[in-house]
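Visitor: This one is run-v6.cif, mmCIF, C-alpha atoms and all ligand atoms.
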```
data_work
#
loop_
_atom_site.group_PDB
_atom_site.id
_atom_site.type_symbol
_atom_site.label_atom_id
_atom_site.label_comp_id
_atom_site.auth_asym_id
_atom_site.auth_seq_id
_atom_site.Cartn_x
_atom_site.Cartn_y
_atom_site.Cartn_z
ATOM 1 C CA MET A 1 -18.079 -4.477 -17.698
ATOM 2 C CA LEU A 2 -17.106 -1.383 -15.737
ATOM 3 C CA ARG A 3 -13.952 -2.053 -13.729
ATOM 4 C CA GLU A 4 -14.412 -1.119 -10.062
ATOM 5 C CA ILE A 5 -11.263 0.012 -8.252
ATOM 6 C CA VAL A 6 -10.787 0.903 -4.579
ATOM 7 C CA VAL A 7 -7.684 2.789 -3.444
ATOM 8 C CA THR A 8 -6.820 3.763 0.126
ATOM 9 C CA GLY A 9 -4.588 6.753 0.829
ATOM 10 C CA ALA A 10 -5.542 8.253 -2.541
ATOM 11 C CA GLY A 11 -4.973 11.882 -1.575
ATOM 12 C CA ARG A 12 -1.265 11.948 -2.354
ATOM 13 C CA GLY A 13 1.812 9.843 -3.057
ATOM 14 C CA MET A 14 1.395 6.470 -4.720
ATOM 15 C CA GLY A 15 -2.320 6.317 -3.863
ATOM 16 C CA TYR A 16 -2.963 9.404 -5.958
ATOM 17 C CA HIS A 17 -1.220 7.777 -8.930
ATOM 18 C CA PHE A 18 -3.195 4.519 -8.572
ATOM 19 C CA ALA A 19 -6.380 6.615 -8.775
ATOM 20 C CA LYS A 20 -5.129 8.769 -11.659
ATOM 21 C CA GLN A 21 -3.896 5.894 -13.831
ATOM 22 C CA HIS A 22 -7.079 3.843 -13.378
ATOM 23 C CA LEU A 23 -9.241 6.873 -14.206
ATOM 24 C CA GLU A 24 -7.171 7.302 -17.378
ATOM 25 C CA MET A 25 -8.065 3.685 -18.250
ATOM 26 C CA GLY A 26 -11.773 4.514 -17.938
ATOM 27 C CA ASP A 27 -12.311 2.601 -14.684
ATOM 28 C CA ARG A 28 -14.502 3.741 -11.796
ATOM 29 C CA VAL A 29 -12.317 4.638 -8.847
ATOM 30 C CA PHE A 30 -13.418 4.778 -5.234
ATOM 31 C CA ALA A 31 -10.686 7.022 -3.879
ATOM 32 C CA LEU A 32 -10.540 6.650 -0.120
ATOM 33 C CA THR A 33 -8.566 9.338 1.595
ATOM 34 C CA ARG A 34 -8.045 10.538 5.132
ATOM 35 C CA THR A 35 -7.299 14.045 3.839
ATOM 36 C CA VAL A 36 -9.249 15.214 0.799
ATOM 37 C CA THR A 37 -6.603 17.018 -1.256
ATOM 38 C CA ASN A 38 -7.039 19.500 -4.091
ATOM 39 C CA GLU A 39 -4.773 17.285 -6.186
ATOM 40 C CA LEU A 40 -7.265 14.424 -5.870
ATOM 41 C CA LYS A 41 -10.318 16.637 -6.424
ATOM 42 C CA GLN A 42 -8.754 17.880 -9.657
ATOM 43 C CA LEU A 43 -8.888 14.351 -11.086
ATOM 44 C CA ASP A 44 -12.678 14.662 -11.185
ATOM 45 C CA ASN A 45 -13.701 15.456 -14.774
ATOM 46 C CA GLY A 46 -17.407 15.404 -13.915
ATOM 47 C CA GLY A 47 -17.975 12.052 -15.610
ATOM 48 C CA GLY A 48 -18.924 10.270 -12.383
ATOM 49 C CA LYS A 49 -15.994 7.842 -12.525
ATOM 50 C CA LEU A 50 -14.256 9.282 -9.454
ATOM 51 C CA VAL A 51 -15.952 8.749 -6.093
ATOM 52 C CA ILE A 52 -14.015 10.417 -3.284
ATOM 53 C CA LEU A 53 -14.737 9.012 0.171
ATOM 54 C CA GLN A 54 -13.204 10.288 3.383
ATOM 55 C CA CYS A 55 -11.732 7.273 5.209
ATOM 56 C CA ASP A 56 -9.287 6.793 8.066
ATOM 57 C CA ILE A 57 -8.235 3.128 7.930
ATOM 58 C CA ALA A 58 -7.249 3.265 11.600
ATOM 59 C CA SER A 59 -10.925 3.588 12.509
ATOM 60 C CA LEU A 60 -13.409 0.723 12.121
ATOM 61 C CA GLY A 61 -16.353 3.150 11.969
ATOM 62 C CA SER A 62 -14.703 5.183 9.224
ATOM 63 C CA VAL A 63 -13.861 2.068 7.158
ATOM 64 C CA GLN A 64 -17.396 0.702 7.560
ATOM 65 C CA ALA A 65 -18.951 4.027 6.507
ATOM 66 C CA ALA A 66 -16.807 4.179 3.341
ATOM 67 C CA ALA A 67 -17.540 0.506 2.585
ATOM 68 C CA ALA A 68 -21.302 1.088 2.994
ATOM 69 C CA LYS A 69 -21.138 3.754 0.292
ATOM 70 C CA ILE A 70 -19.184 1.439 -2.044
ATOM 71 C CA LEU A 71 -21.670 -1.397 -1.378
ATOM 72 C CA SER A 72 -24.532 0.926 -2.323
ATOM 73 C CA LEU A 73 -22.948 1.717 -5.715
ATOM 74 C CA ALA A 74 -20.994 -1.369 -6.833
ATOM 75 C CA ASP A 75 -21.790 -5.076 -7.028
ATOM 76 C CA HIS A 76 -18.147 -6.167 -7.082
ATOM 77 C CA VAL A 77 -14.593 -4.870 -6.636
ATOM 78 C CA ASP A 78 -12.003 -5.762 -9.268
ATOM 79 C CA ILE A 79 -8.968 -4.395 -7.447
ATOM 80 C CA LEU A 80 -8.549 -3.220 -3.865
ATOM 81 C CA TYR A 81 -5.292 -1.313 -3.424
ATOM 82 C CA ASN A 82 -4.411 -1.310 0.262
ATOM 83 C CA ASN A 83 -1.945 1.516 -0.163
ATOM 84 C CA ALA A 84 -2.412 3.864 2.809
ATOM 85 C CA GLY A 85 0.398 3.680 5.321
ATOM 86 C CA VAL A 86 2.615 5.659 7.628
ATOM 87 C CA ASN A 87 6.261 5.629 8.477
ATOM 88 C CA ALA A 88 7.480 6.546 11.933
ATOM 89 C CA PRO A 89 9.918 9.453 12.173
ATOM 90 C CA GLN A 90 10.798 8.309 15.714
ATOM 91 C CA ASP A 91 12.092 5.086 14.126
ATOM 92 C CA ASP A 92 15.484 6.646 13.372
ATOM 93 C CA ILE A 93 16.563 5.613 16.883
ATOM 94 C CA ASN A 94 16.921 1.985 17.949
ATOM 95 C CA VAL A 95 14.393 0.470 20.374
ATOM 96 C CA LEU A 96 16.790 0.509 23.322
ATOM 97 C CA ASP A 97 17.751 4.162 23.001
ATOM 98 C CA ALA A 98 14.309 5.508 21.980
ATOM 99 C CA GLU A 99 12.480 7.585 24.589
ATOM 100 C CA ASP A 100 9.519 5.228 24.314
ATOM 101 C CA ILE A 101 8.054 2.902 21.700
ATOM 102 C CA GLU A 102 4.337 3.543 22.275
ATOM 103 C CA TYR A 103 4.059 5.003 18.746
ATOM 104 C CA PHE A 104 4.525 1.427 17.442
ATOM 105 C CA LEU A 105 0.858 0.761 18.286
ATOM 106 C CA ASN A 106 -0.428 3.495 15.985
ATOM 107 C CA VAL A 107 1.870 2.409 13.141
ATOM 108 C CA TYR A 108 0.707 -1.201 13.589
ATOM 109 C CA ASN A 109 -2.944 -0.142 13.690
ATOM 110 C CA ILE A 110 -2.643 1.644 10.344
ATOM 111 C CA ASN A 111 -0.138 -0.485 8.414
ATOM 112 C CA ALA A 112 -1.035 -3.996 9.597
ATOM 113 C CA VAL A 113 -4.637 -3.950 10.823
ATOM 114 C CA GLY A 114 -5.998 -1.235 8.489
ATOM 115 C CA PRO A 115 -5.707 -3.333 5.287
ATOM 116 C CA LEU A 116 -7.509 -6.264 6.944
ATOM 117 C CA ARG A 117 -10.253 -3.888 8.126
ATOM 118 C CA MET A 118 -10.707 -2.890 4.490
ATOM 119 C CA VAL A 119 -10.898 -6.486 3.264
ATOM 120 C CA ARG A 120 -13.420 -7.467 5.943
ATOM 121 C CA ALA A 121 -15.624 -4.468 5.167
ATOM 122 C CA LEU A 122 -15.614 -5.214 1.413
ATOM 123 C CA LYS A 123 -15.584 -9.024 1.513
ATOM 124 C CA THR A 124 -19.019 -9.472 -0.111
ATOM 125 C CA LEU A 125 -17.757 -7.535 -3.165
ATOM 126 C CA LEU A 126 -14.685 -9.711 -3.686
ATOM 127 C CA LYS A 127 -15.451 -12.254 -6.409
ATOM 128 C CA LYS A 128 -13.551 -14.728 -8.606
ATOM 129 C CA GLY A 129 -10.804 -12.720 -10.331
ATOM 130 C CA SER A 130 -10.735 -9.889 -7.774
ATOM 131 C CA VAL A 131 -7.283 -8.736 -6.675
ATOM 132 C CA ILE A 132 -6.248 -7.441 -3.257
ATOM 133 C CA LEU A 133 -2.949 -5.637 -3.787
ATOM 134 C CA ASN A 134 -1.229 -4.516 -0.600
ATOM 135 C CA VAL A 135 1.616 -2.040 -0.783
ATOM 136 C CA SER A 136 4.087 -3.694 1.551
ATOM 137 C CA SER A 137 7.816 -3.018 1.778
ATOM 138 C CA GLU A 138 11.226 -4.634 1.699
ATOM 139 C CA CYS A 139 11.252 -3.605 5.391
ATOM 140 C CA GLY A 140 8.585 -6.257 6.041
ATOM 141 C CA SER A 141 11.053 -8.985 5.070
ATOM 142 C CA ILE A 142 12.961 -10.456 8.019
ATOM 143 C CA TYR A 143 15.500 -11.799 5.491
ATOM 144 C CA GLU A 144 16.176 -8.302 4.057
ATOM 145 C CA ILE A 145 16.403 -6.687 7.490
ATOM 146 C CA GLN A 146 18.966 -9.285 8.519
ATOM 147 C CA LEU A 147 20.883 -8.856 5.259
ATOM 148 C CA ALA A 148 21.067 -5.071 5.627
ATOM 149 C CA SER A 149 21.761 -5.361 9.358
ATOM 150 C CA HIS A 150 19.188 -2.627 10.077
ATOM 151 C CA LYS A 151 19.039 -1.419 13.669
ATOM 152 C CA ASN A 152 16.429 1.333 13.365
ATOM 153 C CA ILE A 153 13.018 1.493 11.543
ATOM 154 C CA CYS A 154 11.780 -1.179 13.959
ATOM 155 C CA GLY A 155 8.191 0.105 14.384
ATOM 156 C CA TYR A 156 7.660 0.403 10.631
ATOM 157 C CA ALA A 157 9.378 -2.891 9.804
ATOM 158 C CA MET A 158 7.362 -4.772 12.446
ATOM 159 C CA SER A 159 4.122 -3.327 11.054
ATOM 160 C CA LYS A 160 4.950 -4.404 7.488
ATOM 161 C CA ALA A 161 6.050 -7.886 8.612
ATOM 162 C CA ALA A 162 2.693 -8.176 10.409
ATOM 163 C CA LEU A 163 0.907 -7.006 7.252
ATOM 164 C CA ASN A 164 2.753 -9.728 5.337
ATOM 165 C CA MET A 165 1.659 -12.379 7.823
ATOM 166 C CA GLY A 166 -1.959 -11.167 7.853
ATOM 167 C CA MET A 167 -2.150 -11.235 4.074
ATOM 168 C CA ARG A 168 -0.442 -14.641 3.832
ATOM 169 C CA MET A 169 -3.191 -15.942 6.127
ATOM 170 C CA LEU A 170 -5.839 -14.205 4.048
ATOM 171 C CA ALA A 171 -4.422 -15.897 0.934
ATOM 172 C CA ASN A 172 -4.736 -19.259 2.732
ATOM 173 C CA ILE A 173 -8.344 -18.472 3.684
ATOM 174 C CA LEU A 174 -9.238 -17.398 0.129
ATOM 175 C CA GLU A 175 -7.526 -20.342 -1.597
ATOM 176 C CA GLY A 176 -9.816 -21.826 -4.237
ATOM 177 C CA THR A 177 -12.078 -18.753 -4.443
ATOM 178 C CA GLY A 178 -10.206 -17.141 -7.356
ATOM 179 C CA VAL A 179 -9.491 -14.001 -5.300
ATOM 180 C CA HIS A 180 -5.793 -13.044 -5.595
ATOM 181 C CA VAL A 181 -3.828 -11.559 -2.707
ATOM 182 C CA PHE A 182 -0.481 -9.830 -3.320
ATOM 183 C CA LEU A 183 2.113 -8.023 -1.230
ATOM 184 C CA LEU A 184 4.080 -5.571 -3.354
ATOM 185 C CA GLU A 185 7.499 -4.100 -2.671
ATOM 186 C CA PRO A 186 7.376 -0.759 -4.520
ATOM 187 C CA GLY A 187 11.059 0.165 -4.316
ATOM 188 C CA TRP A 188 12.364 3.367 -2.741
ATOM 189 C CA VAL A 189 9.796 5.834 -3.991
ATOM 190 C CA ARG A 190 9.996 9.622 -4.347
ATOM 191 C CA THR A 191 6.998 10.489 -2.202
ATOM 192 C CA GLU A 192 6.684 12.548 0.957
ATOM 193 C CA MET A 193 7.169 9.387 3.024
ATOM 194 C CA ALA A 194 10.693 8.741 1.745
ATOM 195 C CA GLU A 195 11.668 12.346 1.022
ATOM 196 C CA SER A 196 10.843 13.636 4.506
ATOM 197 C CA GLY A 197 13.299 11.152 6.041
ATOM 198 C CA ILE A 198 15.977 11.695 3.402
ATOM 199 C CA LYS A 199 16.369 15.396 4.231
ATOM 200 C CA LYS A 200 17.863 14.491 7.635
ATOM 201 C CA ALA A 201 19.922 11.529 6.359
ATOM 202 C CA PRO A 202 23.731 11.493 5.909
ATOM 203 C CA GLU A 203 25.028 12.549 2.502
ATOM 204 C CA ALA A 204 25.837 8.984 1.420
ATOM 205 C CA VAL A 205 22.228 7.951 1.982
ATOM 206 C CA ARG A 206 20.950 11.022 0.125
ATOM 207 C CA LEU A 207 23.185 10.189 -2.844
ATOM 208 C CA ASP A 208 22.011 6.581 -2.734
ATOM 209 C CA PHE A 209 18.403 7.812 -2.757
ATOM 210 C CA GLU A 210 19.129 10.038 -5.773
ATOM 211 C CA ALA A 211 20.622 7.077 -7.611
ATOM 212 C CA ARG A 212 18.188 4.320 -6.694
ATOM 213 C CA SER A 213 14.805 5.923 -6.029
ATOM 214 C CA VAL A 214 11.900 5.488 -8.402
ATOM 215 C CA LYS A 215 9.169 7.922 -9.427
ATOM 216 C CA PRO A 216 5.747 7.082 -7.944
ATOM 217 C CA GLU A 217 4.047 7.006 -11.345
ATOM 218 C CA VAL A 218 6.573 4.392 -12.575
ATOM 219 C CA THR A 219 6.274 1.926 -9.695
ATOM 220 C CA VAL A 220 2.496 2.418 -9.640
ATOM 221 C CA ALA A 221 2.273 1.571 -13.363
ATOM 222 C CA ASN A 222 4.262 -1.610 -12.679
ATOM 223 C CA MET A 223 2.017 -2.563 -9.753
ATOM 224 C CA ILE A 224 -1.137 -1.898 -11.787
ATOM 225 C CA ASP A 225 0.225 -4.191 -14.502
ATOM 226 C CA ILE A 226 0.560 -6.965 -11.900
ATOM 227 C CA ALA A 227 -2.961 -6.308 -10.563
ATOM 228 C CA LEU A 228 -4.391 -6.477 -14.098
ATOM 229 C CA HIS A 229 -2.425 -9.634 -14.958
ATOM 230 C CA PRO A 230 -2.242 -11.638 -11.705
ATOM 231 C CA LYS A 231 -1.271 -14.811 -13.572
ATOM 232 C CA LYS A 232 2.096 -13.200 -14.436
ATOM 233 C CA VAL A 233 3.124 -13.805 -10.810
ATOM 234 C CA PRO A 234 4.622 -17.300 -10.475
ATOM 235 C CA GLU A 235 2.225 -19.754 -8.822
ATOM 236 C CA GLY A 236 2.563 -19.987 -5.061
ATOM 237 C CA HIS A 237 4.186 -16.560 -4.668
ATOM 238 C CA ILE A 238 2.365 -13.537 -3.318
ATOM 239 C CA TYR A 239 5.233 -11.298 -2.084
ATOM 240 C CA VAL A 240 6.956 -9.705 -5.067
ATOM 241 C CA SER A 241 8.607 -6.431 -6.047
ATOM 242 C CA HIS A 242 7.028 -4.039 -8.560
ATOM 243 C CA GLN A 243 9.560 -5.456 -11.035
ATOM 244 C CA MET A 244 8.344 -8.976 -10.212
ATOM 245 C CA LYS A 245 11.387 -10.023 -8.198
ATOM 246 C CA LEU A 246 10.302 -12.751 -5.770
ATOM 247 C CA MET A 247 10.707 -11.458 -2.217
ATOM 248 C CA GLN A 248 12.007 -13.540 0.679
ATOM 249 C CA TRP A 249 9.810 -13.463 3.793
HETATM 250 N N1 LIG B 1 7.849 5.781 -0.345
HETATM 251 C C1 LIG B 1 8.533 4.670 -0.206
HETATM 252 O O1 LIG B 1 9.752 4.627 -0.457
HETATM 253 C C2 LIG B 1 7.846 3.395 0.220
HETATM 254 C C3 LIG B 1 8.611 2.210 0.239
HETATM 255 C C4 LIG B 1 7.984 1.010 0.607
HETATM 256 C C5 LIG B 1 6.639 1.011 0.920
HETATM 257 N N2 LIG B 1 5.924 2.181 0.915
HETATM 258 C C6 LIG B 1 4.499 2.097 1.248
HETATM 259 O O2 LIG B 1 3.735 2.676 0.209
HETATM 260 C C7 LIG B 1 2.473 3.120 0.687
HETATM 261 C C8 LIG B 1 2.186 4.520 0.175
HETATM 262 O O3 LIG B 1 3.170 5.393 0.694
HETATM 263 P P1 LIG B 1 3.688 6.702 -0.065
HETATM 264 O O4 LIG B 1 5.118 6.508 -0.326
HETATM 265 O O5 LIG B 1 2.782 7.053 -1.192
HETATM 266 O O6 LIG B 1 3.589 7.739 1.147
HETATM 267 P P2 LIG B 1 2.869 9.147 1.346
HETATM 268 O O7 LIG B 1 3.078 10.040 0.189
HETATM 269 O O8 LIG B 1 3.312 9.572 2.701
HETATM 270 O O9 LIG B 1 1.306 8.769 1.372
HETATM 271 C C9 LIG B 1 0.759 8.035 2.421
HETATM 272 C C10 LIG B 1 -0.743 8.016 2.218
HETATM 273 O O10 LIG B 1 -1.333 7.187 3.236
HETATM 274 C C11 LIG B 1 -2.371 7.937 3.840
HETATM 275 N N3 LIG B 1 -2.635 7.524 5.213
HETATM 276 C C12 LIG B 1 -1.784 7.477 6.253
HETATM 277 N N4 LIG B 1 -2.423 7.073 7.357
HETATM 278 C C13 LIG B 1 -3.717 6.864 6.997
HETATM 279 C C14 LIG B 1 -4.869 6.439 7.684
HETATM 280 N N5 LIG B 1 -4.868 6.166 9.002
HETATM 281 N N6 LIG B 1 -6.034 6.303 7.007
HETATM 282 C C15 LIG B 1 -6.071 6.593 5.687
HETATM 283 N N7 LIG B 1 -5.020 7.022 4.977
HETATM 284 C C16 LIG B 1 -3.854 7.156 5.634
HETATM 285 C C17 LIG B 1 -1.911 9.390 3.783
HETATM 286 O O11 LIG B 1 -3.008 10.241 4.008
HETATM 287 P P3 LIG B 1 -2.849 11.722 4.683
HETATM 288 O O12 LIG B 1 -2.556 12.653 3.555
HETATM 289 O O13 LIG B 1 -4.158 11.968 5.342
HETATM 290 O O14 LIG B 1 -1.722 11.632 5.673
HETATM 291 C C18 LIG B 1 -1.362 9.416 2.366
HETATM 292 O O15 LIG B 1 -2.390 9.559 1.429
HETATM 293 C C19 LIG B 1 2.561 3.024 2.214
HETATM 294 O O16 LIG B 1 1.894 1.856 2.644
HETATM 295 C C20 LIG B 1 4.059 2.876 2.470
HETATM 296 O O17 LIG B 1 4.340 2.188 3.672
HETATM 297 C C21 LIG B 1 6.506 3.365 0.569
#
```
Using structure tokens, write down the structure from this file.

Guide:
Amino acid sequence: MLREIVVTGAGRGMGYHFAKQHLEMGDRVFALTRTVTNELKQLDNGGGKLVILQCDIASLGSVQAAAAKILSLADHVDILYNNAGVNAPQDDINVLDAEDIEYFLNVYNINAVGPLRMVRALKTLLKKGSVILNVSSECGSIYEIQLASHKNICGYAMSKAALNMGMRMLANILEGTGVHVFLLEPGWVRTEMAESGIKKAPEAVRLDFEARSVKPEVTVANMIDIALHPKKVPEGHIYVSHQMKLMQW
């Protein structure tokens, strides 16, 4: 049976690699993207396996329009990658010293509510064995934030912690249906999101990034492996790293 894959934020970064690697496996990919990039268009080999749909996950109307197109073409979804997300450049200042924190609302709308909008819009296509893989972050873990004693990145971290809570609830709701819900920590990934911040960072952080960061195609391959083999994740756990380390909430 044709595998049906949905990826949000497929125009660049990790989303692009989710789309590319699934196309290479012969799957049909619904590549949802706010900005239709040439890079994404070039993945189209004319075989009809790539369906590019413009979609802003911050907008209910936009999500519903993209979902209507998917519903007209597919009778199920095997994997939904809730990948699209934003960081917040203003987050390099702590909440007390920041000029204002109104930008938190936009970050929350995209990172926390957007993935649930997607699930709601596609819920009739989610069947036994379907996987909802959300690209979360170590920053969504209250334990990790405490451990690292972070003082900035508050808007982003709050949005990912809220995503984690929303998806934990979704997993509770879907218990017994055979639909798997995962929150993946992808590592520190060499995409525009991380690299744009690194340019302004102190040298020690830049050196740390050089040493520890992972290529997007590598972490994406690891996450795809988890999505294709959900039973590899120990029972009862849904928040794991791309290398299958169990994450603390
Ligand atoms: N890079 C890291 O180190 C890292 C670490 C932990 C977690 N993550 C998470 O990984 C995911 C992918 O990030 P990335 O590193 O690949 O970053 P990226 O290269 O900046 O890509 C972000 C993608 O999300 C899309 N996007 C943003 N807002 C959107 C919206 N409202 N509607 C639809 N698409 C939207 C962007 O589209 P446009 O081109 O239109 O802006 C872009 O395609 C994000 O959820 C991020 O939080 C990244």

Visitor: Could you list, as a compact mmCIF listing (two decimals) with C-alpha atoms, in the coordinates of the input, all protein and nucleic acid residues with an atom at most 8 Å from ligand LIG 1 (chain B), counting all atoms listed in the file?

Guide:
```txt
# COMPACT_ATOMS: atom_id res chain seq x y z
CA THR A 8 -6.82 3.76 0.13
CA GLY A 9 -4.59 6.75 0.83
CA ALA A 10 -5.54 8.25 -2.54
CA GLY A 11 -4.97 11.88 -1.58
CA ARG A 12 -1.26 11.95 -2.35
CA GLY A 13 1.81 9.84 -3.06
CA MET A 14 1.40 6.47 -4.72
CA GLY A 15 -2.32 6.32 -3.86
CA TYR A 16 -2.96 9.40 -5.96
CA LEU A 32 -10.54 6.65 -0.12
CA THR A 33 -8.57 9.34 1.60
CA ARG A 34 -8.04 10.54 5.13
CA THR A 35 -7.30 14.04 3.84
CA VAL A 36 -9.25 15.21 0.80
CA THR A 37 -6.60 17.02 -1.26
CA CYS A 55 -11.73 7.27 5.21
CA ASP A 56 -9.29 6.79 8.07
CA ILE A 57 -8.24 3.13 7.93
CA ALA A 58 -7.25 3.26 11.60
CA SER A 59 -10.92 3.59 12.51
CA ASN A 82 -4.41 -1.31 0.26
CA ASN A 83 -1.94 1.52 -0.16
CA ALA A 84 -2.41 3.86 2.81
CA GLY A 85 0.40 3.68 5.32
CA VAL A 86 2.62 5.66 7.63
CA ASN A 87 6.26 5.63 8.48
CA ILE A 110 -2.64 1.64 10.34
CA ASN A 111 -0.14 -0.48 8.41
CA GLY A 114 -6.00 -1.24 8.49
CA ASN A 134 -1.23 -4.52 -0.60
CA VAL A 135 1.62 -2.04 -0.78
CA SER A 136 4.09 -3.69 1.55
CA SER A 137 7.82 -3.02 1.78
CA GLU A 138 11.23 -4.63 1.70
CA CYS A 139 11.25 -3.60 5.39
CA TYR A 156 7.66 0.40 10.63
CA LYS A 160 4.95 -4.40 7.49
CA GLU A 185 7.50 -4.10 -2.67
CA PRO A 186 7.38 -0.76 -4.52
CA GLY A 187 11.06 0.16 -4.32
CA TRP A 188 12.36 3.37 -2.74
CA VAL A 189 9.80 5.83 -3.99
CA ARG A 190 10.00 9.62 -4.35
CA THR A 191 7.00 10.49 -2.20
CA GLU A 192 6.68 12.55 0.96
CA MET A 193 7.17 9.39 3.02
CA ALA A 194 10.69 8.74 1.74
CA GLU A 195 11.67 12.35 1.02
CA SER A 213 14.80 5.92 -6.03
CA PRO A 216 5.75 7.08 -7.94
```

Visitor: Nearest to Gly129 (chain A) among A:Ala66, A:Met158, A:Ile79, A:Val113, with distances taken over all atoms listed in the file: which residue is it?

Guide: A:Ile79

Visitor: Could you work out an axis-aligned box for region 23-42 of chain A, taking every atom the file lists and adding 6 Å on each side, and report centre and edge lengths in Å to one decimal, as AutoDock Vina command-line options?

Guide:
```
--center_x -9.6 --center_y 11.1 --center_z -6.6 --size_x 21.7 --size_y 28.9 --size_z 35.4
```

Visitor: Calculated over only C-alpha atoms, which of the candidates A:Leu133, A:Leu125, A:Ala98, A:Met244 has the smallest distance to Val7 (chain A)?

Guide: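 Smallest distance to Val7 (chain A) is found for A:Leu133.
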
Visitor: From the options A:Val205, A:Leu96, A:Met118, A:Leu105, which residue's atoms come nearest to Gly61 (chain A), counting only C-alpha atoms?

Guide: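 Nearest to Gly61 (chain A): A:Met118.
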
Visitor: Please compute the CA of Asp44 (chain A)-CA of Ala31 (chain A) distance, one decimal, in Å.

Guide: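 Distance reported for this atom pair: 10.8 Å.
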
Visitor: Which residue out of A:Ser72, A:Ser241, A:Arg206, A:Gly26 has the minimum interatomic distance to Thr124 (chain A) when only C-alpha atoms are used?

Guide: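 So, comparing all the options, the nearest one is A:Ser72.
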
Visitor: Just the residues within 10 Å of Ala74 (chain A), please, counting all atoms listed in the file, with nothing from its chain fewer than 4 positions along; format it as a PyMOL selection string.

Guide: chain A and resi 2-5+28+30+69-70+125

Visitor: To one decimal in Å, tell me the separation between CA of Arg212 (chain A) and CA of Tyr103 (chain A).

Guide: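 Between these atoms lies a distance of 29.1 Å.
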
Visitor: Step by step, work through what the PyMOL selection byres (((chain A and resi 219-233) around 7) and not hetatm) selects in the shown file, and finish by giving those residues as a ChimeraX atom specification.

Guide: /A:14,17-18,131,133,186,214-218,234-235,237,242-243

Visitor: Using all atoms listed in the file, which residue out of A:Ile238, A:Leu40, A:Leu147, A:Leu122 lies closest to Leu71 (chain A)?

Guide: A:Leu122

Visitor: Using CA of Arg120 (chain A) and CA of Leu163 (chain A) as the two end points, give the distance in Å to one decimal.

Guide: 14.4 Å

Visitor: Give the answer as one residue: which of A:Ala67, A:Met167, A:Val95, A:Ala211 has the shortest atom-to-atom distance to Pro115 (chain A), using all atoms listed in the file?

Guide: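 Distance minimum relative to Pro115 (chain A) lands on A:Met167.
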
Visitor: Please expand the PyMOL selection byres (((chain A and resi 51) around 7) and not hetatm) into the concrete residues it hits in this file, giving the result as a list in words.

Guide: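 Going through the file, the PyMOL selection byres (((chain A and resi 51) around 7) and not hetatm) ends up selecting Val29, Phe30, Ala31, Lys49, Leu50, Ile52 and Leu53 of chain A.
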
Visitor: Apply the PyMOL selection byres (((chain A and resi 171-175) around 12) and not hetatm) to the displayed file and report the matching residues as a ChimeraX atom specification.

Guide: /A:116,119,123,126-134,164-170,176-183,236-239
